[in-house]
Amino acid sequence: QVQLVESGGGLVQAGGSLRLSCAASGRTFSSYAVGWFRQAPGKEREFVAAASRRGTSTYYADSVKGRFTFSRDNAKNTVYLQMNSLKPEDTAVYYCAAVFSAQYTLDLYFTAESSYNYWGQGTQVTVSS
């Protein structure tokens, strides 16, 4: 079992930055790939970014590529999503998710919501124009 708790959301002006954190319970967190997803009001949840079990492989949605950076510190059982140059369209509830992974790389499998079986409760990010 893995429990995930996100934090770091808030209100920021367009062009600003936020860093989201996702803290995980469990001693084998380094065996899990982790993804970030977001859901805007009235829209379906969408993939944002993912990192492999050691963080050596990352994958980003085109909409955030070059602006968001995913990192993880397995010693602290925590992953981070650094979000720069935020836009109003980034406004959403952001969720982290985890799935056990035997591989050290990523593929499109990890961009699918259905691939993950552990989810946090979400943190709100609001970007004002």
# chains A, B, ... in the order shown; residues from 1 in each chain; ligands from 1

$ select_by_dssp --residues "stretch 40-108 of chain A" --states "helix (DSSP H, G or I)" --output "number ranges by chain"
A: 74-76, 88-90, 108

$ residues_around --residues "A:Met83" --least-positions-apart "6" --cutoff "10 Å" --atoms "only C-alpha atoms" --output "ChimeraX atom specification"
/A:15-20,64,66-70,90
